[in-house]
$ cat start.pdb   # PDB, C-alpha atoms and all ligand atoms
MODEL        1
ATOM      1  CA  MET A   1     -17.117 -43.639 180.107
ATOM      2  CA  ASP A   2     -16.518 -44.452 176.458
ATOM      3  CA  GLU A   3     -19.618 -43.092 174.716
ATOM      4  CA  LYS A   4     -20.594 -44.794 171.502
ATOM      5  CA  VAL A   5     -21.778 -43.229 168.277
ATOM      6  CA  LEU A   6     -24.175 -44.818 165.789
ATOM      7  CA  VAL A   7     -22.745 -45.100 162.273
ATOM      8  CA  THR A   8     -24.304 -46.584 159.117
ATOM      9  CA  ASN A   9     -21.270 -46.564 156.858
ATOM     10  CA  ILE A  10     -17.600 -45.654 156.623
ATOM     11  CA  GLN A  11     -16.803 -44.919 153.015
ATOM     12  CA  ARG A  12     -13.194 -44.781 151.908
ATOM     13  CA  MET A  13     -11.496 -42.916 149.036
ATOM     14  CA  CYS A  14     -14.210 -40.265 148.649
ATOM     15  CA  PHE A  15     -13.601 -37.362 146.267
ATOM     16  CA  HIS A  16     -16.852 -35.396 146.632
ATOM     17  CA  ASP A  17     -17.040 -34.825 150.379
ATOM     18  CA  GLY A  18     -14.616 -31.959 150.832
ATOM     19  CA  PRO A  19     -11.025 -31.217 149.764
ATOM     20  CA  GLY A  20      -8.696 -34.019 148.616
ATOM     21  CA  ILE A  21      -9.178 -37.737 149.249
ATOM     22  CA  ARG A  22     -11.346 -38.440 152.270
ATOM     23  CA  THR A  23     -12.835 -41.070 154.504
ATOM     24  CA  THR A  24     -16.494 -40.277 155.057
ATOM     25  CA  VAL A  25     -18.218 -41.419 158.232
ATOM     26  CA  PHE A  26     -22.014 -41.466 157.957
ATOM     27  CA  PHE A  27     -23.705 -40.965 161.308
ATOM     28  CA  LYS A  28     -27.174 -42.348 161.841
ATOM     29  CA  GLY A  29     -29.697 -39.870 163.187
ATOM     30  CA  CYS A  30     -31.046 -36.635 161.797
ATOM     31  CA  ASN A  31     -33.319 -33.934 163.217
ATOM     32  CA  LEU A  32     -34.720 -32.989 159.797
ATOM     33  CA  SER A  33     -36.977 -34.824 157.371
ATOM     34  CA  CYS A  34     -36.135 -33.594 153.864
ATOM     35  CA  PRO A  35     -38.651 -35.123 151.425
ATOM     36  CA  TRP A  36     -35.798 -35.685 148.918
ATOM     37  CA  CYS A  37     -33.419 -37.375 151.391
ATOM     38  CA  ALA A  38     -31.193 -39.909 149.586
ATOM     39  CA  ASN A  39     -30.156 -41.583 152.852
ATOM     40  CA  PRO A  40     -33.384 -42.482 154.694
ATOM     41  CA  GLU A  41     -31.470 -45.093 156.719
ATOM     42  CA  ASN A  42     -29.604 -42.196 158.367
ATOM     43  CA  ILE A  43     -32.661 -40.433 159.791
ATOM     44  CA  SER A  44     -33.753 -42.607 162.721
ATOM     45  CA  VAL A  45     -31.493 -42.411 165.784
ATOM     46  CA  VAL A  46     -31.699 -46.155 166.518
ATOM     47  CA  PRO A  47     -30.492 -49.239 164.575
ATOM     48  CA  GLN A  48     -33.105 -50.443 162.064
ATOM     49  CA  GLU A  49     -33.616 -53.853 160.512
ATOM     50  CA  TYR A  50     -33.970 -53.885 156.761
ATOM     51  CA  TYR A  51     -35.058 -56.427 154.215
ATOM     52  CA  PHE A  52     -34.311 -56.091 150.540
ATOM     53  CA  ASN A  53     -34.124 -58.581 147.639
ATOM     54  CA  GLY A  54     -34.159 -61.509 150.048
ATOM     55  CA  LYS A  55     -31.392 -60.038 152.207
ATOM     56  CA  LYS A  56     -31.816 -59.014 155.833
ATOM     57  CA  GLY A  57     -29.567 -56.727 157.785
ATOM     58  CA  VAL A  58     -29.374 -53.852 160.210
ATOM     59  CA  TYR A  59     -28.680 -50.220 159.438
ATOM     60  CA  GLY A  60     -26.454 -48.833 162.158
ATOM     61  CA  THR A  61     -23.430 -50.051 164.121
ATOM     62  CA  TYR A  62     -22.280 -48.586 167.432
ATOM     63  CA  TYR A  63     -18.628 -47.525 167.525
ATOM     64  CA  GLY A  64     -16.643 -46.620 170.592
ATOM     65  CA  ALA A  65     -14.155 -43.772 170.190
ATOM     66  CA  ASN A  66     -11.089 -46.020 169.866
ATOM     67  CA  ASP A  67     -12.654 -48.269 167.232
ATOM     68  CA  LEU A  68     -13.808 -45.317 165.167
ATOM     69  CA  LEU A  69     -10.386 -43.682 165.357
ATOM     70  CA  LYS A  70      -8.738 -46.946 164.235
ATOM     71  CA  GLU A  71     -11.047 -47.150 161.212
ATOM     72  CA  ILE A  72     -10.230 -43.577 160.204
ATOM     73  CA  LEU A  73      -6.483 -43.972 160.672
ATOM     74  CA  LYS A  74      -6.405 -46.984 158.311
ATOM     75  CA  ASP A  75      -6.655 -44.482 155.444
ATOM     76  CA  LYS A  76      -4.181 -41.929 156.763
ATOM     77  CA  SER A  77      -1.626 -42.561 154.004
ATOM     78  CA  PHE A  78      -4.165 -41.475 151.329
ATOM     79  CA  TYR A  79      -5.045 -38.113 152.831
ATOM     80  CA  GLY A  80      -2.004 -36.141 151.602
ATOM     81  CA  ASN A  81      -1.998 -32.424 152.368
ATOM     82  CA  ASP A  82      -5.657 -31.620 151.597
ATOM     83  CA  GLY A  83      -7.624 -34.775 152.405
ATOM     84  CA  GLY A  84      -8.830 -36.148 155.701
ATOM     85  CA  VAL A  85     -12.034 -37.266 157.332
ATOM     86  CA  THR A  86     -15.552 -36.020 156.643
ATOM     87  CA  PHE A  87     -18.303 -36.540 159.175
ATOM     88  CA  SER A  88     -21.621 -36.728 157.383
ATOM     89  CA  GLY A  89     -24.992 -38.305 158.020
ATOM     90  CA  GLY A  90     -27.656 -37.886 159.072
ATOM     91  CA  GLU A  91     -26.666 -34.874 161.123
ATOM     92  CA  PRO A  92     -23.136 -35.242 162.512
ATOM     93  CA  LEU A  93     -23.508 -32.308 164.920
ATOM     94  CA  LEU A  94     -25.923 -34.454 166.949
ATOM     95  CA  GLN A  95     -23.232 -37.014 167.813
ATOM     96  CA  LEU A  96     -19.769 -35.478 167.376
ATOM     97  CA  THR A  97     -19.751 -34.045 170.890
ATOM     98  CA  LYS A  98     -19.690 -37.640 172.212
ATOM     99  CA  ILE A  99     -16.311 -38.291 170.600
ATOM    100  CA  GLU A 100     -14.398 -35.131 171.372
ATOM    101  CA  ASN A 101     -11.348 -37.316 172.121
ATOM    102  CA  VAL A 102     -11.392 -38.647 168.524
ATOM    103  CA  LEU A 103     -11.468 -35.107 167.186
ATOM    104  CA  GLN A 104      -8.597 -34.181 169.493
ATOM    105  CA  GLU A 105      -6.548 -37.176 168.260
ATOM    106  CA  LEU A 106      -7.223 -36.244 164.625
ATOM    107  CA  ASN A 107      -6.209 -32.642 165.309
ATOM    108  CA  ASP A 108      -3.014 -33.826 167.022
ATOM    109  CA  ARG A 109      -2.173 -35.885 163.921
ATOM    110  CA  GLU A 110      -2.971 -32.889 161.690
ATOM    111  CA  ILE A 111      -5.734 -34.793 159.897
ATOM    112  CA  ASN A 112      -8.196 -32.391 158.294
ATOM    113  CA  ILE A 113     -11.739 -32.600 159.725
ATOM    114  CA  CYS A 114     -14.725 -31.687 157.585
ATOM    115  CA  VAL A 115     -18.331 -31.698 158.789
ATOM    116  CA  GLU A 116     -21.210 -31.949 156.328
ATOM    117  CA  THR A 117     -24.206 -30.446 158.072
ATOM    118  CA  ALA A 118     -27.695 -29.026 157.618
ATOM    119  CA  LEU A 119     -26.691 -26.683 160.493
ATOM    120  CA  GLN A 120     -29.991 -26.776 162.346
ATOM    121  CA  VAL A 121     -28.610 -27.872 165.709
ATOM    122  CA  PRO A 122     -28.428 -25.125 168.382
ATOM    123  CA  TYR A 123     -24.886 -23.773 168.674
ATOM    124  CA  LYS A 124     -24.680 -24.185 172.440
ATOM    125  CA  SER A 125     -25.067 -27.958 172.065
ATOM    126  CA  TRP A 126     -22.010 -28.396 169.782
ATOM    127  CA  LYS A 127     -19.935 -25.323 170.703
ATOM    128  CA  LYS A 128     -17.338 -27.424 172.540
ATOM    129  CA  ILE A 129     -16.242 -29.223 169.355
ATOM    130  CA  GLU A 130     -16.217 -26.174 167.082
ATOM    131  CA  ASN A 131     -12.469 -25.611 167.407
ATOM    132  CA  TYR A 132     -11.623 -29.048 166.002
ATOM    133  CA  ILE A 133     -13.458 -28.512 162.706
ATOM    134  CA  ASP A 134     -11.417 -27.326 159.684
ATOM    135  CA  VAL A 135     -14.038 -27.335 156.910
ATOM    136  CA  TYR A 136     -17.820 -27.049 156.891
ATOM    137  CA  ILE A 137     -19.999 -28.283 154.040
ATOM    138  CA  ILE A 138     -23.289 -26.532 154.720
ATOM    139  CA  ASP A 139     -26.584 -27.285 152.993
ATOM    140  CA  ILE A 140     -28.793 -24.486 151.776
ATOM    141  CA  LYS A 141     -32.248 -26.005 151.591
ATOM    142  CA  LEU A 142     -35.435 -24.057 152.343
ATOM    143  CA  LEU A 143     -34.833 -20.544 153.644
ATOM    144  CA  VAL A 144     -38.460 -19.418 154.035
ATOM    145  CA  GLU A 145     -39.210 -19.791 157.746
ATOM    146  CA  GLU A 146     -42.578 -21.574 157.420
ATOM    147  CA  GLN A 147     -41.348 -23.966 154.721
ATOM    148  CA  CYS A 148     -38.246 -24.788 156.702
ATOM    149  CA  ALA A 149     -40.414 -25.617 159.720
ATOM    150  CA  GLU A 150     -43.304 -27.357 157.984
ATOM    151  CA  ILE A 151     -41.447 -29.305 155.280
ATOM    152  CA  LEU A 152     -38.102 -30.028 156.933
ATOM    153  CA  GLY A 153     -39.072 -29.812 160.600
ATOM    154  CA  GLY A 154     -36.268 -27.271 160.946
ATOM    155  CA  ASN A 155     -35.633 -23.877 162.493
ATOM    156  CA  ILE A 156     -34.361 -21.229 160.118
ATOM    157  CA  ASN A 157     -33.268 -18.883 162.906
ATOM    158  CA  CYS A 158     -31.047 -21.581 164.386
ATOM    159  CA  TYR A 159     -29.514 -22.080 160.932
ATOM    160  CA  LEU A 160     -28.902 -18.370 160.321
ATOM    161  CA  GLU A 161     -27.383 -17.858 163.773
ATOM    162  CA  ASN A 162     -25.027 -20.816 163.305
ATOM    163  CA  MET A 163     -24.066 -19.519 159.869
ATOM    164  CA  ASP A 164     -23.124 -16.095 161.229
ATOM    165  CA  ILE A 165     -21.009 -17.636 163.976
ATOM    166  CA  ILE A 166     -19.157 -19.984 161.611
ATOM    167  CA  HIS A 167     -18.527 -17.324 158.979
ATOM    168  CA  LYS A 168     -16.848 -15.098 161.571
ATOM    169  CA  THR A 169     -14.371 -17.883 162.450
ATOM    170  CA  ASN A 170     -12.779 -17.702 158.961
ATOM    171  CA  LYS A 171     -12.903 -21.495 158.621
ATOM    172  CA  GLN A 172     -13.259 -22.989 155.157
ATOM    173  CA  ILE A 173     -16.931 -23.265 154.141
ATOM    174  CA  ILE A 174     -18.564 -24.852 151.096
ATOM    175  CA  PHE A 175     -22.287 -24.402 150.440
ATOM    176  CA  ARG A 176     -24.287 -27.242 148.914
ATOM    177  CA  ILE A 177     -27.678 -26.620 147.338
ATOM    178  CA  PRO A 178     -29.942 -29.537 146.376
ATOM    179  CA  LEU A 179     -32.160 -28.739 143.398
ATOM    180  CA  ASN A 180     -35.649 -30.130 142.956
ATOM    181  CA  TYR A 181     -38.717 -28.622 141.256
ATOM    182  CA  GLU A 182     -41.083 -29.513 144.068
ATOM    183  CA  TYR A 183     -39.292 -27.698 146.913
ATOM    184  CA  THR A 184     -35.984 -25.862 146.594
ATOM    185  CA  LEU A 185     -36.579 -24.410 143.117
ATOM    186  CA  ALA A 186     -39.725 -22.551 144.190
ATOM    187  CA  GLU A 187     -39.220 -18.909 143.209
ATOM    188  CA  THR A 188     -39.699 -17.592 146.762
ATOM    189  CA  ASN A 189     -36.950 -19.924 147.941
ATOM    190  CA  LEU A 190     -34.601 -19.025 145.069
ATOM    191  CA  THR A 191     -34.993 -15.332 145.886
ATOM    192  CA  ARG A 192     -34.128 -16.022 149.531
ATOM    193  CA  ILE A 193     -31.105 -18.061 148.474
ATOM    194  CA  GLU A 194     -29.895 -15.198 146.273
ATOM    195  CA  SER A 195     -30.043 -12.740 149.199
ATOM    196  CA  PHE A 196     -28.265 -15.277 151.390
ATOM    197  CA  LEU A 197     -25.486 -15.793 148.793
ATOM    198  CA  ASP A 198     -25.141 -12.010 148.509
ATOM    199  CA  LYS A 199     -24.277 -11.908 152.194
ATOM    200  CA  TYR A 200     -21.763 -14.778 151.920
ATOM    201  CA  SER A 201     -20.492 -14.149 148.389
ATOM    202  CA  ASP A 202     -16.961 -15.341 149.291
ATOM    203  CA  VAL A 203     -18.185 -18.881 150.050
ATOM    204  CA  PRO A 204     -17.962 -21.399 147.163
ATOM    205  CA  VAL A 205     -21.254 -22.986 146.143
ATOM    206  CA  GLU A 206     -21.965 -26.473 144.776
ATOM    207  CA  ILE A 207     -25.360 -27.141 143.268
ATOM    208  CA  PHE A 208     -26.661 -30.617 142.470
ATOM    209  CA  LYS A 209     -29.866 -32.335 141.405
ATOM    210  CA  THR A 210     -31.615 -34.443 144.001
ATOM    211  CA  HIS A 211     -31.773 -37.980 142.644
ATOM    212  CA  THR A 212     -33.629 -41.227 143.166
ATOM    213  CA  LEU A 213     -30.622 -43.319 144.190
ATOM    214  CA  GLY A 214     -32.085 -43.768 147.664
ATOM    215  CA  ALA A 215     -35.138 -45.675 146.321
ATOM    216  CA  ASN A 216     -33.800 -49.116 147.306
ATOM    217  CA  LYS A 217     -33.124 -47.909 150.817
ATOM    218  CA  TYR A 218     -36.681 -46.590 151.225
ATOM    219  CA  GLU A 219     -38.010 -49.938 149.991
ATOM    220  CA  SER A 220     -35.698 -51.888 152.296
ATOM    221  CA  LEU A 221     -37.230 -50.031 155.256
ATOM    222  CA  GLY A 222     -40.789 -50.537 153.990
ATOM    223  CA  LEU A 223     -41.133 -46.809 153.345
ATOM    224  CA  HIS A 224     -42.892 -45.036 150.525
ATOM    225  CA  VAL A 225     -40.329 -43.971 147.858
ATOM    226  CA  PRO A 226     -40.551 -40.201 147.223
ATOM    227  CA  LYS A 227     -41.477 -39.469 143.629
ATOM    228  CA  LEU A 228     -39.631 -36.332 142.604
ATOM    229  CA  LYS A 229     -39.086 -35.295 139.018
ATOM    230  CA  VAL A 230     -35.375 -35.096 138.192
ATOM    231  CA  VAL A 231     -34.331 -31.557 137.259
ATOM    232  CA  SER A 232     -33.124 -31.052 133.673
ATOM    233  CA  ASP A 233     -29.497 -30.130 132.872
ATOM    234  CA  GLU A 234     -30.739 -26.920 131.263
ATOM    235  CA  VAL A 235     -32.451 -25.792 134.472
ATOM    236  CA  VAL A 236     -29.326 -26.644 136.490
ATOM    237  CA  ASP A 237     -27.217 -24.535 134.080
ATOM    238  CA  ASN A 238     -29.661 -21.626 134.387
ATOM    239  CA  ILE A 239     -29.618 -21.776 138.166
ATOM    240  CA  ALA A 240     -25.810 -21.862 138.157
ATOM    241  CA  GLU A 241     -25.770 -18.705 135.993
ATOM    242  CA  ARG A 242     -28.295 -17.027 138.271
ATOM    243  CA  PHE A 243     -26.305 -17.775 141.421
ATOM    244  CA  ARG A 244     -23.046 -16.665 139.730
ATOM    245  CA  ARG A 245     -24.434 -13.130 139.805
ATOM    246  CA  LYS A 246     -24.362 -13.376 143.607
ATOM    247  CA  SER A 247     -21.461 -15.636 144.423
ATOM    248  CA  ASP A 248     -17.845 -15.668 143.241
ATOM    249  CA  ASN A 249     -17.588 -19.440 142.759
ATOM    250  CA  VAL A 250     -20.515 -21.667 141.720
ATOM    251  CA  ILE A 251     -19.970 -25.189 140.404
ATOM    252  CA  ILE A 252     -22.301 -27.956 139.318
ATOM    253  CA  ASN A 253     -21.600 -31.128 141.301
ATOM    254  CA  GLN A 254     -22.450 -34.261 139.267
ATOM    255  CA  MET A 255     -22.771 -36.520 142.297
TER     256      MET A 255
HETATM  257  S1  LIG A 301     -30.581 -33.281 156.499
HETATM  258 FE1  LIG A 301     -29.659 -34.806 155.138
HETATM  259  S2  LIG A 301     -29.885 -36.766 156.208
HETATM  260 FE2  LIG A 301     -31.261 -35.298 157.215
HETATM  261  S3  LIG A 301     -33.227 -35.660 156.212
HETATM  262 FE3  LIG A 301     -32.211 -33.964 155.151
HETATM  263  S4  LIG A 301     -31.113 -34.920 153.429
HETATM  264 FE4  LIG A 301     -31.650 -36.575 154.899
ENDMDL
END
$ encode --input "start.pdb" --output "structure tokens"
Amino acid sequence: MDEKVLVTNIQRMCFHDGPGIRTTVFFKGCNLSCPWCANPENISVVPQEYYFNGKKGVYGTYYGANDLLKEILKDKSFYGNDGGVTFSGGEPLLQLTKIENVLQELNDREINICVETALQVPYKSWKKIENYIDVYIIDIKLLVEEQCAEILGGNINCYLENMDIIHKTNKQIIFRIPLNYEYTLAETNLTRIESFLDKYSDVPVEIFKTHTLGANKYESLGLHVPKLKVVSDEVVDNIAERFRRKSDNVIINQM
């Protein structure tokens, strides 16, 4: 049976979602609830009606494997040697196992596959697609166990186990760290992140400020817009310097 996946957007010509020029597929459905999430339309696992500025619509379209593959292959000529497809979300590891045949086709065509993940999905549930993935973009959010559970609804042990498994595979990994005063920049969390980076000092790190660009999407769903103070450039620079003492390659991503 052709299983379908739920997608909110397929964005073409992306430069910030992994190496080279990429097509980014945003899956709808996430098992976390980050208070700073910029894509609230990607959290619920079902299609959702929205209403904004007099316009109505639905977040989420079901794609069968063949249709999704066709959409991705439209951009093949732009990928070059480095580029390819990035599966983002939401949490792509919740749905990618349904389209193993798409991953196989992409592998056969030597199209690079990147997965942007919060990595809090038990390994046994996505193990079968691990071999197809070339690059992981992995979030580092809240590493204190209680905060991870209470604020994100996550499981830090699941995250750490997945991280160990992936690191041993020698696949390309990029860490991404969202910065906000209210959550991730808490000193206890920063100290945990430093120890974590010490362990994986060979993995490049991108840091970025969480932003308010998702406000319209929250409003369109009738949700309360999170009010987070935007982090200053000076603080971002200081954090970059601090992490550079632990990691070989830290950059500030202006996304
Ligand atoms: S993991 Fe990503 S998509 Fe899920 S809630 Fe957090 S920021 Fe949003």
$ residues_near_ligand --input "start.pdb" --ligand "ligand LIG 301 (chain A)" --cutoff "10 Å" --atoms "all atoms listed in the file" --output "compact mmCIF listing (two decimals) with C-alpha atoms, keeping the file's coordinate frame"
# COMPACT_ATOMS: atom_id res chain seq x y z
CA PHE A 26 -22.01 -41.47 157.96
CA PHE A 27 -23.70 -40.96 161.31
CA LYS A 28 -27.17 -42.35 161.84
CA GLY A 29 -29.70 -39.87 163.19
CA CYS A 30 -31.05 -36.64 161.80
CA ASN A 31 -33.32 -33.93 163.22
CA LEU A 32 -34.72 -32.99 159.80
CA SER A 33 -36.98 -34.82 157.37
CA CYS A 34 -36.14 -33.59 153.86
CA PRO A 35 -38.65 -35.12 151.43
CA TRP A 36 -35.80 -35.68 148.92
CA CYS A 37 -33.42 -37.38 151.39
CA ALA A 38 -31.19 -39.91 149.59
CA ASN A 39 -30.16 -41.58 152.85
CA PRO A 40 -33.38 -42.48 154.69
CA GLU A 41 -31.47 -45.09 156.72
CA ASN A 42 -29.60 -42.20 158.37
CA ILE A 43 -32.66 -40.43 159.79
CA SER A 44 -33.75 -42.61 162.72
CA SER A 88 -21.62 -36.73 157.38
CA GLY A 89 -24.99 -38.30 158.02
CA GLY A 90 -27.66 -37.89 159.07
CA GLU A 91 -26.67 -34.87 161.12
CA PRO A 92 -23.14 -35.24 162.51
CA GLU A 116 -21.21 -31.95 156.33
CA THR A 117 -24.21 -30.45 158.07
CA ALA A 118 -27.70 -29.03 157.62
CA LEU A 119 -26.69 -26.68 160.49
CA GLN A 120 -29.99 -26.78 162.35
CA ASP A 139 -26.58 -27.28 152.99
CA LYS A 141 -32.25 -26.00 151.59
CA LEU A 152 -38.10 -30.03 156.93
CA GLY A 153 -39.07 -29.81 160.60
CA GLY A 154 -36.27 -27.27 160.95
CA PRO A 178 -29.94 -29.54 146.38
CA THR A 210 -31.62 -34.44 144.00
$ closest_residue --input "start.pdb" --among "A:Gln147, A:Gln172, A:Thr97, A:Thr61" --to "Lys124 in chain A" --atoms "only C-alpha atoms"
A:Thr97
$ resolve_selection --input "start.pdb" --expression "the PyMOL selection byres (((chain A and resi 106) around 12) and not hetatm)" --output "PyMOL selection string"
chain A and resi 65-66+68-70+72-73+76+84-86+99-105+107-114+132-134
$ resolve_selection --input "start.pdb" --expression "the PyMOL selection byres (((chain A and resi 195) around 12) and not hetatm)" --output "PDB file with C-alpha atoms, keeping the file's coordinate frame"
ATOM      1  CA  LEU A 143     -34.833 -20.544 153.644  1.00  0.00           C
ATOM      2  CA  VAL A 144     -38.460 -19.418 154.035  1.00  0.00           C
ATOM      3  CA  THR A 188     -39.699 -17.592 146.762  1.00  0.00           C
ATOM      4  CA  ASN A 189     -36.950 -19.924 147.941  1.00  0.00           C
ATOM      5  CA  LEU A 190     -34.601 -19.025 145.069  1.00  0.00           C
ATOM      6  CA  THR A 191     -34.993 -15.332 145.886  1.00  0.00           C
ATOM      7  CA  ARG A 192     -34.128 -16.022 149.531  1.00  0.00           C
ATOM      8  CA  ILE A 193     -31.105 -18.061 148.474  1.00  0.00           C
ATOM      9  CA  GLU A 194     -29.895 -15.198 146.273  1.00  0.00           C
ATOM     10  CA  PHE A 196     -28.265 -15.277 151.390  1.00  0.00           C
ATOM     11  CA  LEU A 197     -25.486 -15.793 148.793  1.00  0.00           C
ATOM     12  CA  ASP A 198     -25.141 -12.010 148.509  1.00  0.00           C
ATOM     13  CA  LYS A 199     -24.277 -11.908 152.194  1.00  0.00           C
ATOM     14  CA  TYR A 200     -21.763 -14.778 151.920  1.00  0.00           C
ATOM     15  CA  SER A 201     -20.492 -14.149 148.389  1.00  0.00           C
ATOM     16  CA  ARG A 242     -28.295 -17.027 138.271  1.00  0.00           C
ATOM     17  CA  PHE A 243     -26.305 -17.775 141.421  1.00  0.00           C
ATOM     18  CA  ARG A 245     -24.434 -13.130 139.805  1.00  0.00           C
ATOM     19  CA  LYS A 246     -24.362 -13.376 143.607  1.00  0.00           C
ATOM     20  CA  SER A 247     -21.461 -15.636 144.423  1.00  0.00           C
TER      21      SER A 247
END
$ residues_around --input "start.pdb" --residues "Ile207 in chain A" --least-positions-apart "4" --cutoff "9 Å" --atoms "only C-alpha atoms" --output "list in words"
Phe175, Arg176, Ile177, Pro178, Leu179, Val236, Ile239, Ala240, Val250, Ile251, Ile252, Asn253 and Gln254 of chain A
$ atom_distance --input "start.pdb" --atom1 "CA of Pro19 in chain A" --atom2 "CA of Val135 in chain A"
8.7 Å
$ atom_distance --input "start.pdb" --atom1 "CA of Leu142 in chain A" --atom2 "CA of Ile129 in chain A"
26.2 Å
$ resolve_selection --input "start.pdb" --expression "the PyMOL selection byres (((chain A and resi 213) around 12) and not hetatm)" --output "PyMOL selection string"
chain A and resi 36-40+209-212+214-219+225-228+230+255
$ atom_distance --input "start.pdb" --atom1 "CA of Val25 in chain A" --atom2 "CA of Glu3 in chain A"
16.6 Å
$ residues_around --input "start.pdb" --residues "Gly83 in chain A" --least-positions-apart "2" --cutoff "7 Å" --atoms "only C-alpha atoms" --output "number ranges by chain"
A: 19-22, 79-81, 112
$ closest_residue --input "start.pdb" --among "A:Val231, A:Leu160, A:Arg244, A:Gly60" --to "Glu182 in chain A" --atoms "only C-alpha atoms"
A:Val231
